[in-house]
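J.: So here's structure32.cif, just mmCIF, C-alpha atoms:
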data_protein
loop_
_atom_site.label_atom_id
_atom_site.label_comp_id
_atom_site.auth_asym_id
_atom_site.auth_seq_id
_atom_site.Cartn_x
_atom_site.Cartn_y
_atom_site.Cartn_z
CA MET A 1 -9.12 3.24 -4.56
CA PRO A 2 -12.66 3.98 -3.45
CA ARG A 3 -14.59 7.22 -3.54
CA VAL A 4 -14.67 8.63 -0.01
CA ASN A 5 -17.96 10.22 0.97
CA THR A 6 -17.00 11.35 4.45
CA PHE A 7 -14.51 10.57 7.16
CA LYS A 8 -14.43 11.34 10.87
CA VAL A 9 -11.26 11.62 12.91
CA LYS A 10 -10.76 11.33 16.65
CA VAL A 11 -7.27 12.16 17.93
CA GLN A 12 -6.16 11.61 21.52
CA THR A 13 -3.21 13.89 22.32
CA GLY A 14 -0.49 12.80 24.75
CA PRO A 15 1.64 14.90 27.15
CA GLN A 16 2.78 17.34 24.45
CA GLY A 17 0.12 18.99 22.31
CA MET A 18 -0.34 21.99 20.06
CA SER A 19 -2.64 24.99 20.06
CA GLU A 20 -2.83 25.28 16.28
CA PRO A 21 -5.90 24.16 14.33
CA VAL A 22 -5.67 20.56 13.14
CA HIS A 23 -5.21 20.10 9.39
CA PHE A 24 -5.29 17.12 7.10
CA ASN A 25 -3.86 16.63 3.63
CA PHE A 26 -6.19 14.98 1.11
CA ASN A 27 -4.55 14.23 -2.25
CA ASN A 28 -1.96 16.92 -1.40
CA HIS A 29 -4.57 19.56 -0.54
CA LYS A 30 -4.10 20.87 2.99
CA LEU A 31 -7.46 21.56 4.60
CA PRO A 32 -8.93 22.23 8.05
CA PHE A 33 -11.53 19.88 9.51
CA GLU A 34 -15.24 20.64 9.52
CA ASN A 35 -17.38 20.22 12.63
CA ALA A 36 -14.24 20.38 14.77
CA THR A 37 -14.68 19.88 18.49
CA GLY A 38 -12.12 19.60 21.29
CA SER A 39 -8.47 20.47 20.70
CA ALA A 40 -4.98 19.09 20.28
CA GLU A 41 -3.82 20.48 23.63
CA PRO A 42 -2.06 18.03 25.98
CA GLY A 43 -4.42 15.27 27.14
CA GLU A 44 -7.30 16.59 25.04
CA VAL A 45 -9.34 14.82 22.37
CA PHE A 46 -9.88 16.41 18.98
CA GLU A 47 -12.75 15.35 16.75
CA GLY A 48 -13.45 16.53 13.24
CA SER A 49 -14.92 15.36 9.97
CA PHE A 50 -14.96 16.27 6.29
CA ASP A 51 -17.35 15.63 3.40
CA VAL A 52 -14.82 14.65 0.75
CA ASN A 53 -16.85 13.17 -2.11
CA SER A 54 -13.72 12.33 -4.06
CA PHE A 55 -11.34 9.47 -4.72
CA ALA A 56 -8.63 8.95 -2.14
CA HIS A 57 -5.05 8.78 -3.35
CA SER A 58 -3.52 9.94 -0.09
CA LEU A 59 -4.77 11.19 3.26
CA THR A 60 -2.50 12.40 6.02
CA LEU A 61 -2.78 14.19 9.34
CA VAL A 62 -0.47 17.20 9.24
CA GLY A 63 1.96 18.02 12.03
CA PRO A 64 2.15 21.44 13.73
CA GLU A 65 3.91 24.43 12.11
CA SER A 66 6.15 24.63 15.16
CA GLY A 67 6.85 22.36 18.09
CA LYS A 68 5.86 18.75 18.52
CA TRP A 69 2.51 17.00 18.70
CA GLU A 70 2.49 13.74 20.60
CA ILE A 71 -0.45 11.67 19.47
CA GLU A 72 -1.52 8.72 21.58
CA LYS A 73 -4.24 7.29 19.38
CA ILE A 74 -5.99 8.07 16.10
CA THR A 75 -9.38 6.62 15.19
CA ILE A 76 -10.84 7.20 11.73
CA GLU A 77 -14.31 6.25 10.56
CA TYR A 78 -14.53 6.01 6.79
CA ASP A 79 -17.71 6.11 4.73
CA CYS A 80 -16.85 5.16 1.16
CA GLU A 81 -19.04 4.62 -1.88
CA ASN A 82 -20.19 1.00 -2.39
CA GLU A 83 -18.42 -0.08 0.82
CA LYS A 84 -19.61 -0.77 4.34
CA PRO A 85 -18.48 1.97 6.76
CA TYR A 86 -15.26 0.88 8.47
CA THR A 87 -13.08 2.10 11.31
CA VAL A 88 -9.29 2.14 11.48
CA HIS A 89 -7.19 2.64 14.62
CA PHE A 90 -3.59 3.86 14.66
CA GLY A 91 -1.24 3.97 17.65
CA ALA A 92 1.14 6.55 19.08
CA ILE A 93 3.22 8.87 16.91
CA THR A 94 4.89 12.27 17.28
CA LEU A 95 4.54 14.88 14.55
CA ASP A 96 6.43 18.12 14.01
CA GLU A 97 6.81 20.81 11.34
CA THR A 98 8.55 18.39 8.98
CA THR A 99 6.18 15.45 9.21
CA GLU A 100 2.68 14.23 8.51
CA VAL A 101 1.25 10.78 9.14
CA ASN A 102 -0.62 8.55 6.71
CA ILE A 103 -4.13 7.82 7.97
CA TRP A 104 -5.55 6.31 4.79
CA GLN A 105 -6.38 2.64 4.80
CA ASP A 106 -8.20 0.84 2.01
CA PRO A 107 -11.51 -0.81 2.91
CA PRO A 108 -10.94 -4.24 4.47
CA ILE A 109 -10.94 -7.17 2.07
CA LEU A 110 -14.12 -9.20 2.23
CA ALA A 111 -13.80 -12.11 4.65
CA PHE A 112 -16.41 -14.70 5.50
CA ASP A 113 -16.79 -17.66 7.85
CA VAL A 114 -16.57 -21.16 6.38
CA MET B 1 16.08 50.07 -38.10
CA ASN B 2 14.07 52.74 -39.92
CA PHE B 3 14.27 50.67 -43.09
CA ILE B 4 12.95 47.67 -41.28
CA LYS B 5 10.25 49.81 -39.74
CA ARG B 6 9.18 51.13 -43.14
CA PHE B 7 9.34 47.67 -44.68
CA PHE B 8 7.09 46.15 -42.06
CA THR B 9 4.83 49.18 -42.06
CA GLY B 10 4.41 48.93 -45.82
CA MET B 11 3.58 45.25 -45.69
CA LYS B 12 1.19 45.46 -42.82
CA GLN B 13 -0.67 48.52 -43.97
CA ASP B 14 -2.70 46.53 -46.52
CA VAL B 15 -3.96 44.16 -43.94
CA GLU B 16 -3.71 45.72 -40.55
CA PRO B 17 -3.45 49.51 -40.21
CA GLU B 18 -2.66 49.37 -36.49
CA ALA B 19 0.54 47.42 -37.08
CA PRO B 20 2.94 50.41 -37.31
CA VAL B 21 1.97 51.55 -33.86
CA MET B 22 2.87 48.15 -32.54
CA VAL B 23 6.24 48.23 -34.27
CA GLU B 24 6.88 51.67 -32.86
CA GLU B 25 6.14 50.40 -29.41
CA VAL B 26 8.44 47.47 -29.84
CA GLU B 27 11.20 49.71 -31.17
CA LYS B 28 10.83 52.06 -28.23
CA SER B 29 11.01 49.27 -25.75
CA ILE B 30 14.21 48.01 -27.34
CA GLU B 31 15.96 51.36 -27.48
CA VAL B 32 14.96 52.63 -24.07
CA PRO B 33 14.55 49.68 -21.79
CA GLU B 34 12.73 50.59 -18.65
CA PRO B 35 14.62 49.75 -15.52
CA GLU B 36 13.09 46.73 -13.88
CA PRO B 37 11.98 47.25 -10.30
CA GLU B 38 14.26 45.53 -7.89
CA THR B 39 12.67 42.47 -6.38
CA GLU B 40 13.62 41.13 -3.03
CA PRO B 41 15.16 37.68 -3.14
CA GLU B 42 12.61 35.03 -2.21
CA THR B 43 13.21 33.49 1.15
CA GLU B 44 12.57 29.89 2.12
CA THR B 45 9.48 30.92 4.07
CA ASN B 46 7.68 31.68 0.80
CA PHE B 47 7.48 27.99 0.01
CA PRO B 48 5.35 25.45 1.86
CA ALA B 49 7.46 23.08 3.91
CA VAL B 50 7.97 19.70 2.30
CA ARG B 51 6.93 17.19 4.91
CA SER B 52 7.86 13.56 5.07
CA VAL B 53 4.95 11.15 5.36
CA LEU B 54 5.25 8.76 8.29
CA GLN B 55 3.68 5.33 8.12
CA ILE B 56 2.34 3.58 11.20
CA PRO B 57 0.64 0.20 11.15
CA ALA B 58 -3.06 0.11 11.85
CA ILE B 59 -3.99 -1.61 15.10
CA SER B 60 -5.72 -4.83 14.16
CA THR B 61 -8.61 -6.11 16.16
CA GLY B 62 -8.83 -9.87 16.75
CA VAL B 63 -10.28 -11.97 13.96
CA PHE B 64 -11.81 -14.54 16.30
CA PRO B 65 -13.32 -14.42 19.80
CA LYS B 66 -10.78 -15.51 22.40
CA ASP B 67 -10.74 -19.03 23.88
CA SER B 68 -13.30 -20.52 21.51
CA ALA B 69 -13.50 -24.32 21.76
CA GLU B 70 -14.98 -24.51 18.28
CA VAL B 71 -12.72 -24.56 15.20
CA LEU B 72 -13.35 -21.24 13.53
CA ILE B 73 -12.18 -20.54 9.98
CA LYS B 74 -12.31 -17.28 8.06
CA ALA B 75 -11.87 -17.16 4.28
CA GLN B 76 -10.35 -14.08 2.68
CA PRO B 77 -9.97 -14.09 -1.11
CA SER B 78 -7.15 -11.93 -2.45
CA THR B 79 -8.02 -8.72 -4.26
CA THR B 80 -6.82 -10.25 -7.52
CA GLY B 81 -8.93 -13.36 -6.92
CA ASP B 82 -6.09 -15.76 -7.68
CA GLN B 83 -5.85 -17.21 -4.17
CA CYS B 84 -7.77 -17.44 -0.92
CA LEU B 85 -6.39 -17.20 2.60
CA PHE B 86 -8.03 -19.33 5.28
CA THR B 87 -7.27 -18.27 8.85
CA VAL B 88 -7.89 -20.88 11.56
CA ASN B 89 -8.16 -20.13 15.28
CA ARG B 90 -5.50 -22.72 16.15
CA PRO B 91 -1.94 -23.49 15.02
CA LEU B 92 -1.47 -25.74 12.00
CA MET B 93 2.33 -25.60 11.69
CA LYS B 94 4.01 -23.74 14.53
CA GLY B 95 6.91 -21.47 13.52
CA TYR B 96 7.19 -22.89 10.00
CA SER B 97 5.40 -23.03 6.69
CA TRP B 98 5.23 -25.58 3.88
CA TYR B 99 4.30 -25.32 0.23
CA PHE B 100 2.53 -28.24 -1.45
CA PRO B 101 2.72 -27.73 -5.23
CA ASP B 102 0.70 -30.86 -6.12
CA PHE B 103 -1.14 -33.90 -4.77
CA GLU B 104 2.02 -36.09 -4.79
CA SER B 105 3.78 -33.71 -2.39
CA ALA B 106 0.89 -34.06 0.09
CA VAL B 107 1.46 -37.75 0.88
CA GLU B 108 1.07 -38.39 4.63
CA SER B 109 0.13 -34.74 5.26
CA SER B 110 -3.53 -35.16 6.18
CA LEU B 111 -4.40 -31.48 5.84
CA ALA B 112 -2.99 -31.06 2.35
CA GLU B 113 -4.34 -34.47 1.27
CA ALA B 114 -7.85 -33.44 2.31
CA LEU B 115 -7.58 -30.20 0.36
CA PHE B 116 -6.17 -31.82 -2.80
CA CYS B 117 -9.18 -34.16 -2.78
CA LEU B 118 -11.28 -31.14 -3.69
CA ASP B 119 -11.63 -30.79 -7.46
CA ASP B 120 -10.45 -27.23 -8.03
CA VAL B 121 -7.53 -26.98 -5.56
CA GLU B 122 -4.21 -26.45 -7.36
CA THR B 123 -1.64 -25.61 -4.64
CA VAL B 124 -1.68 -25.41 -0.84
CA LEU B 125 0.52 -23.33 1.43
CA VAL B 126 0.33 -23.97 5.17
CA CYS B 127 1.83 -21.24 7.36
CA GLU B 128 1.43 -21.02 11.14
CA SER B 129 -2.39 -20.91 11.52
CA THR B 130 -3.26 -20.13 7.91
CA VAL B 131 -3.79 -22.06 4.69
CA THR B 132 -3.49 -20.36 1.30
CA VAL B 133 -5.13 -22.14 -1.61
CA THR B 134 -4.86 -21.42 -5.34
CA ARG B 135 -7.34 -22.88 -7.78
CA LYS B 136 -6.97 -24.64 -11.13
CA ASP B 137 -9.73 -22.71 -12.87
CA LYS B 138 -8.26 -19.23 -13.13
CA THR B 139 -11.38 -17.88 -14.84
CA LEU B 140 -13.45 -18.16 -11.66
CA VAL B 141 -13.20 -15.26 -9.24
CA ASP B 142 -16.03 -16.19 -6.87
CA TRP B 143 -14.35 -18.10 -4.05
CA VAL B 144 -17.47 -18.73 -1.97
CA PRO B 145 -18.39 -22.20 -3.39
CA LEU B 146 -14.84 -23.58 -3.12
CA ALA B 147 -14.22 -21.89 0.25
CA LYS B 148 -17.35 -23.57 1.61
CA GLU B 149 -15.70 -26.91 0.75
CA VAL B 150 -12.21 -25.96 2.01
CA GLY B 151 -13.50 -24.91 5.45
CA PRO B 152 -15.05 -28.32 6.36
CA ALA B 153 -11.99 -30.11 4.86
CA ILE B 154 -9.65 -28.22 7.20
CA ARG B 155 -12.01 -28.85 10.12
CA ASN B 156 -12.15 -32.59 9.36
CA ALA B 157 -8.36 -32.83 9.08
CA LEU B 158 -8.00 -31.16 12.47
CA GLY B 159 -10.60 -33.52 13.92
CA THR B 160 -8.88 -36.75 12.84
CA GLY B 161 -5.98 -36.20 15.23
CA GLU B 162 -3.48 -37.38 12.58
CA GLY B 163 -0.38 -35.35 11.77
CA LEU B 164 -1.45 -32.43 9.69
CA ILE B 165 2.01 -32.26 8.13
CA ALA B 166 3.98 -35.40 7.24
CA GLU B 167 6.64 -36.48 9.74
CA LYS B 168 9.32 -36.59 7.02
CA ILE B 169 8.67 -32.86 6.37
CA VAL B 170 8.64 -31.81 10.03
CA SER B 171 11.84 -33.71 10.85
CA ASN B 172 13.74 -32.27 7.90
CA LEU B 173 12.87 -28.61 8.18
CA PRO B 174 15.79 -26.43 7.07
CA SER B 175 17.63 -23.97 9.30
CA GLU B 176 17.15 -20.22 8.85
CA GLU B 177 20.81 -19.92 7.79
CA GLU B 178 20.35 -22.51 5.07
CA ILE B 179 17.30 -20.64 3.73
CA ARG B 180 19.05 -17.26 3.97
CA GLU B 181 22.11 -18.43 2.02
CA GLY B 182 20.06 -20.10 -0.70
CA ILE B 183 17.61 -17.22 -1.17
CA GLN B 184 20.30 -14.53 -1.11
CA LYS B 185 22.22 -16.43 -3.78
CA VAL B 186 19.13 -16.61 -6.03
CA ILE B 187 18.44 -12.90 -5.50
CA ASP B 188 22.02 -11.93 -6.37
CA THR B 189 22.56 -14.23 -9.32
CA GLU B 190 19.14 -14.61 -10.90
CA VAL B 191 16.39 -12.30 -9.65
CA ASN B 192 18.16 -8.93 -9.36
CA PRO B 193 19.98 -9.19 -12.70
CA GLY B 194 16.56 -9.92 -14.24
CA VAL B 195 14.63 -7.03 -12.71
CA ALA B 196 17.56 -4.60 -13.10
CA GLY B 197 16.55 -4.16 -16.73
CA HIS B 198 13.42 -2.42 -15.46
CA GLY B 199 15.29 -0.40 -12.83
CA GLY B 200 14.08 -2.67 -10.06
CA ASN B 201 15.73 -4.55 -7.23
CA ILE B 202 14.71 -7.15 -4.65
CA SER B 203 16.12 -7.30 -1.14
CA LEU B 204 15.81 -9.99 1.49
CA LEU B 205 14.31 -8.47 4.63
CA ALA B 206 13.83 -11.36 7.03
CA ILE B 207 13.76 -15.11 7.51
CA LYS B 208 11.47 -16.68 10.08
CA GLY B 209 11.62 -20.45 10.19
CA ASN B 210 11.62 -21.26 6.49
CA SER B 211 9.40 -18.28 5.59
CA VAL B 212 10.96 -15.45 3.64
CA THR B 213 10.11 -11.75 3.61
CA ILE B 214 11.33 -9.65 0.70
CA GLN B 215 11.01 -6.05 -0.38
CA MET B 216 10.75 -4.77 -3.93
CA GLY B 217 12.53 -1.51 -4.66
CA GLY B 218 13.40 0.85 -7.48
CA GLY B 219 11.16 0.44 -10.51
CA CYS B 220 9.40 -2.57 -8.93
CA GLN B 221 7.96 -0.49 -6.07
CA GLY B 222 4.50 0.65 -7.10
CA CYS B 223 4.73 -1.05 -10.49
CA SER B 224 1.46 -2.45 -11.78
CA ALA B 225 3.23 -5.66 -12.79
CA ALA B 226 4.85 -6.21 -9.38
CA ASP B 227 2.37 -8.96 -8.42
CA LEU B 228 3.09 -10.82 -11.64
CA THR B 229 6.86 -10.48 -11.14
CA LEU B 230 6.49 -11.72 -7.58
CA LYS B 231 4.29 -14.74 -8.21
CA GLN B 232 5.50 -15.93 -11.60
CA GLY B 233 9.12 -14.83 -11.42
CA ILE B 234 10.41 -14.58 -7.88
CA HIS B 235 8.32 -17.38 -6.34
CA THR B 236 9.29 -19.77 -9.13
CA SER B 237 13.00 -18.94 -8.86
CA PHE B 238 13.02 -19.23 -5.07
CA ARG B 239 11.18 -22.56 -5.00
CA LYS B 240 13.31 -24.04 -7.78
CA ALA B 241 16.60 -23.10 -6.11
CA VAL B 242 15.53 -23.63 -2.49
CA PRO B 243 12.80 -26.30 -2.56
CA ARG B 244 12.24 -26.25 1.19
CA VAL B 245 11.34 -22.56 1.33
CA GLY B 246 7.85 -22.02 2.74
CA ALA B 247 5.82 -18.80 2.58
CA ILE B 248 7.18 -15.84 0.63
CA PHE B 249 5.91 -12.48 1.85
CA ASP B 250 6.27 -9.14 0.09
CA GLU B 251 6.56 -6.24 2.54
CA THR B 252 6.74 -3.57 -0.15
CA ASP B 253 4.50 -0.55 0.31
CA HIS B 254 3.52 -0.20 -3.32
CA THR B 255 1.45 2.92 -2.60
CA ALA B 256 4.26 4.94 -1.01
CA GLY B 257 5.54 8.05 -2.76
CA LEU B 258 3.79 10.36 -5.17
CA ASN B 259 4.64 8.44 -8.32
CA PRO B 260 6.93 5.61 -7.31
CA TYR B 261 7.23 3.76 -10.60
CA PHE B 262 8.35 6.77 -12.60
CA SER B 263 10.39 8.56 -9.91
#
Reformat the file's structure so that it appears as structure tokens.
T.:
Amino acid sequence: MPRVNTFKVKVQTGPQGMSEPVHFNFNNHKLPFENATGSAEPGEVFEGSFDVNSFAHSLTLVGPESGKWEIEKITIEYDCENEKPYTVHFGAITLDETTEVNIWQDPPILAFDV
Amino acid sequence: MNFIKRFFTGMKQDVEPEAPVMVEEVEKSIEVPEPEPETEPETETNFPAVRSVLQIPAISTGVFPKDSAEVLIKAQPSTTGDQCLFTVNRPLMKGYSWYFPDFESAVESSLAEALFCLDDVETVLVCESTVTVTRKDKTLVDWVPLAKEVGPAIRNALGTGEGLIAEKIVSNLPSEEEIREGIQKVIDTEVNPGVAGHGGNISLLAIKGNSVTIQMGGGCQGCSAADLTLKQGIHTSFRKAVPRVGAIFDETDHTAGLNPYFS
């Protein structure tokens, strides 16, 4: 469980979007993104980041308060302490007022060519 | 009540002159209780909605460049350092897996023979296009020196053109039904009664070829000793009862839930 310095999120919304601000849940604390650009409207791309500086136990992208949010693709760039920056891609998922999606992924295990 | 009031007043006066006032206040509040303001019943909207956390697999990018003529091998030591996974960019045992517990079991299997010739190799598991190696010296966690020997050994075995896996193994591979029956029997009669004492349970998720995928539930899910239970308990029981079982995968998400072990 590494200490996360910052993370950046890029979310591609599908045919059904939402007009609400995008929130994430870090260790059960619901927060809005910093440096947010774009939106979660249909077909739009939302980008946001957050300077966490804390240890990650859980990190989720929170669904809308009402309606559905069809996500086509999520890309997250993690910058963790003592780790090389790494990027994780997730596929399509639909969120609503009862759901959130896990976007935390541990740093990749060291692999080398032999 | 007045007697009690005087009694307490008399006792407290030596120490704390303000005490009688306090008693008076208490007495008043008992005799004439103020009517509590009516509060509106709390509605569900006062509480944050409890959301369920969905899990989606991360999209993996290819380990190797496509259509490479060269034999490429990537070594990936486990987080616990007890084993190392070698991924090769070509199939080693299509659709099946085989566990070689010692040098004797590797006879006529050129790949396993080559690996057991290395000093520190203890066991070898060949599965599809991967080889998992455990080492004899459990005190060493740096896999780089041994991995640098394993890589060329795999490459040489592939280059010889001989059967990587012995013919007697390939021709006698068990059916999925045979593996399923055997493993389910071990789970029901041996494994689950054992882990039930800790509130755990093991379920058989899938069989592919002779490879088995299980899931750990109850107290086992998220338990810090789950890896030990899996490798020293479940693996041993499975291999003893069903010797021709190959790879054993654990699909448990040990990080799911807020506090899985104690919930």
J.: What are the closest atom pairs, with distances in Å to one decimal, for each residue of chain A lying within 6 Å of chain B, using all atoms listed in the file, rows by chain and rising residue number, as a Markdown table?
T.:
| residue | atom | partner | partner_atom | distance |
| --- | --- | --- | --- | --- |
| A:His89 | CA | B:Ile59 | CA | 5.3 |
| A:Phe90 | CA | B:Ala58 | CA | 4.7 |
| A:Thr98 | CA | B:Arg51 | CA | 4.5 |
| A:Thr99 | CA | B:Arg51 | CA | 4.7 |
| A:Glu100 | CA | B:Val53 | CA | 5.0 |
| A:Val101 | CA | B:Leu54 | CA | 4.6 |
| A:Asn102 | CA | B:Gln55 | CA | 5.6 |
| A:Ala111 | CA | B:Gln76 | CA | 4.4 |
| A:Phe112 | CA | B:Ala75 | CA | 5.3 |
| A:Asp113 | CA | B:Lys74 | CA | 4.5 |
| A:Val114 | CA | B:Gly151 | CA | 4.9 |
J.: How many Å lie between atom CA of A:Phe55 and atom CA of A:Val4, rounded to one decimal?
T.: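 Answer for the atom CA of A:Phe55 to atom CA of A:Val4 separation: 5.8 Å.
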J.: Restricting the calculation to all atoms listed in the file, which member of A:Met18, A:His29, A:Lys84, A:Asn53 is positioned closest to A:Ser66?
T.: A:Met18
J.: Hey, what's within 7 Å of B:Leu164 if we count all atoms listed in the file and toss same-chain stuff fewer than 5 positions away? As JSON, numbers by chain, please?
T.: {"B": [109, 110, 111, 157]}
J.: How far is it from atom CA of A:Gly63 to atom CA of A:Gln105, in Å with one decimal?
T.: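 A separation of 18.9 Å between them.
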J.: Applying 10 Å and only C-alpha atoms, which residues near B:Ser224 remain after dropping the ones on its own chain fewer than 4 positions away? List them as a PyMOL selection string.
T.: chain B and resi 220+228-229+254+261
J.: Write a file of the selected residues as a JSON list (two decimals), in the frame of the given file, keeping C-alpha atoms.
T.:
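Generated file (selection_22.json):
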[["chain", "number", "residue", "atom", "x", "y", "z"],
["B", 220, "CYS", "CA", 9.40, -2.57, -8.93],
["B", 228, "LEU", "CA", 3.09, -10.82, -11.64],
["B", 229, "THR", "CA", 6.86, -10.48, -11.14],
["B", 254, "HIS", "CA", 3.52, -0.20, -3.32],
["B", 261, "TYR", "CA", 7.23, 3.76, -10.60]]
J.: Please, could N, CA and C atoms be added to stretch 88-107 of chain A and the result written as a JSON list (two decimals), in the coordinates of the input?
T.:
[["chain", "number", "residue", "atom", "x", "y", "z"],
["A", 88, "VAL", "N", -10.70, 2.51, 11.40],
["A", 88, "VAL", "CA", -9.29, 2.14, 11.48],
["A", 88, "VAL", "C", -8.68, 2.82, 12.70],
["A", 89, "HIS", "N", -7.86, 2.08, 13.44],
["A", 89, "HIS", "CA", -7.19, 2.64, 14.62],
["A", 89, "HIS", "C", -5.68, 2.66, 14.37],
["A", 90, "PHE", "N", -5.05, 3.77, 14.72],
["A", 90, "PHE", "CA", -3.59, 3.86, 14.66],
["A", 90, "PHE", "C", -3.08, 4.18, 16.06],
["A", 91, "GLY", "N", -1.83, 3.77, 16.33],
["A", 91, "GLY", "CA", -1.24, 3.97, 17.65],
["A", 91, "GLY", "C", -0.50, 5.29, 17.78],
["A", 92, "ALA", "N", 0.45, 5.31, 18.73],
["A", 92, "ALA", "CA", 1.14, 6.55, 19.08],
["A", 92, "ALA", "C", 2.14, 6.97, 18.01],
["A", 93, "ILE", "N", 2.23, 8.29, 17.83],
["A", 93, "ILE", "CA", 3.22, 8.87, 16.91],
["A", 93, "ILE", "C", 3.42, 10.34, 17.28],
["A", 94, "THR", "N", 4.62, 10.86, 17.02],
["A", 94, "THR", "CA", 4.89, 12.27, 17.28],
["A", 94, "THR", "C", 5.12, 12.99, 15.96],
["A", 95, "LEU", "N", 4.41, 14.08, 15.78],
["A", 95, "LEU", "CA", 4.54, 14.88, 14.55],
["A", 95, "LEU", "C", 5.18, 16.22, 14.87],
["A", 96, "ASP", "N", 5.88, 16.77, 13.88],
["A", 96, "ASP", "CA", 6.43, 18.12, 14.01],
["A", 96, "ASP", "C", 6.27, 18.86, 12.69],
["A", 97, "GLU", "N", 7.01, 19.97, 12.53],
["A", 97, "GLU", "CA", 6.81, 20.81, 11.34],
["A", 97, "GLU", "C", 7.33, 20.16, 10.05],
["A", 98, "THR", "N", 8.01, 19.04, 10.18],
["A", 98, "THR", "CA", 8.55, 18.39, 8.98],
["A", 98, "THR", "C", 7.82, 17.10, 8.63],
["A", 99, "THR", "N", 6.80, 16.77, 9.42],
["A", 99, "THR", "CA", 6.18, 15.45, 9.21],
["A", 99, "THR", "C", 4.66, 15.52, 9.13],
["A", 100, "GLU", "N", 4.11, 14.49, 8.51],
["A", 100, "GLU", "CA", 2.68, 14.23, 8.51],
["A", 100, "GLU", "C", 2.53, 12.70, 8.56],
["A", 101, "VAL", "N", 1.40, 12.23, 9.00],
["A", 101, "VAL", "CA", 1.25, 10.78, 9.14],
["A", 101, "VAL", "C", 0.11, 10.28, 8.25],
["A", 102, "ASN", "N", 0.39, 9.16, 7.59],
["A", 102, "ASN", "CA", -0.62, 8.55, 6.71],
["A", 102, "ASN", "C", -1.76, 7.97, 7.55],
["A", 103, "ILE", "N", -2.98, 8.38, 7.24],
["A", 103, "ILE", "CA", -4.13, 7.82, 7.97],
["A", 103, "ILE", "C", -5.10, 7.14, 7.01],
["A", 104, "TRP", "N", -4.67, 6.96, 5.75],
["A", 104, "TRP", "CA", -5.55, 6.31, 4.79],
["A", 104, "TRP", "C", -5.36, 4.79, 4.84],
["A", 105, "GLN", "N", -6.42, 4.10, 4.84],
["A", 105, "GLN", "CA", -6.38, 2.64, 4.80],
["A", 105, "GLN", "C", -7.51, 2.19, 3.88],
["A", 106, "ASP", "N", -7.18, 1.34, 2.93],
["A", 106, "ASP", "CA", -8.20, 0.84, 2.01],
["A", 106, "ASP", "C", -9.27, 0.07, 2.78],
["A", 107, "PRO", "N", -10.47, -0.02, 2.24],
["A", 107, "PRO", "CA", -11.51, -0.81, 2.91],
["A", 107, "PRO", "C", -11.01, -2.25, 3.12]]
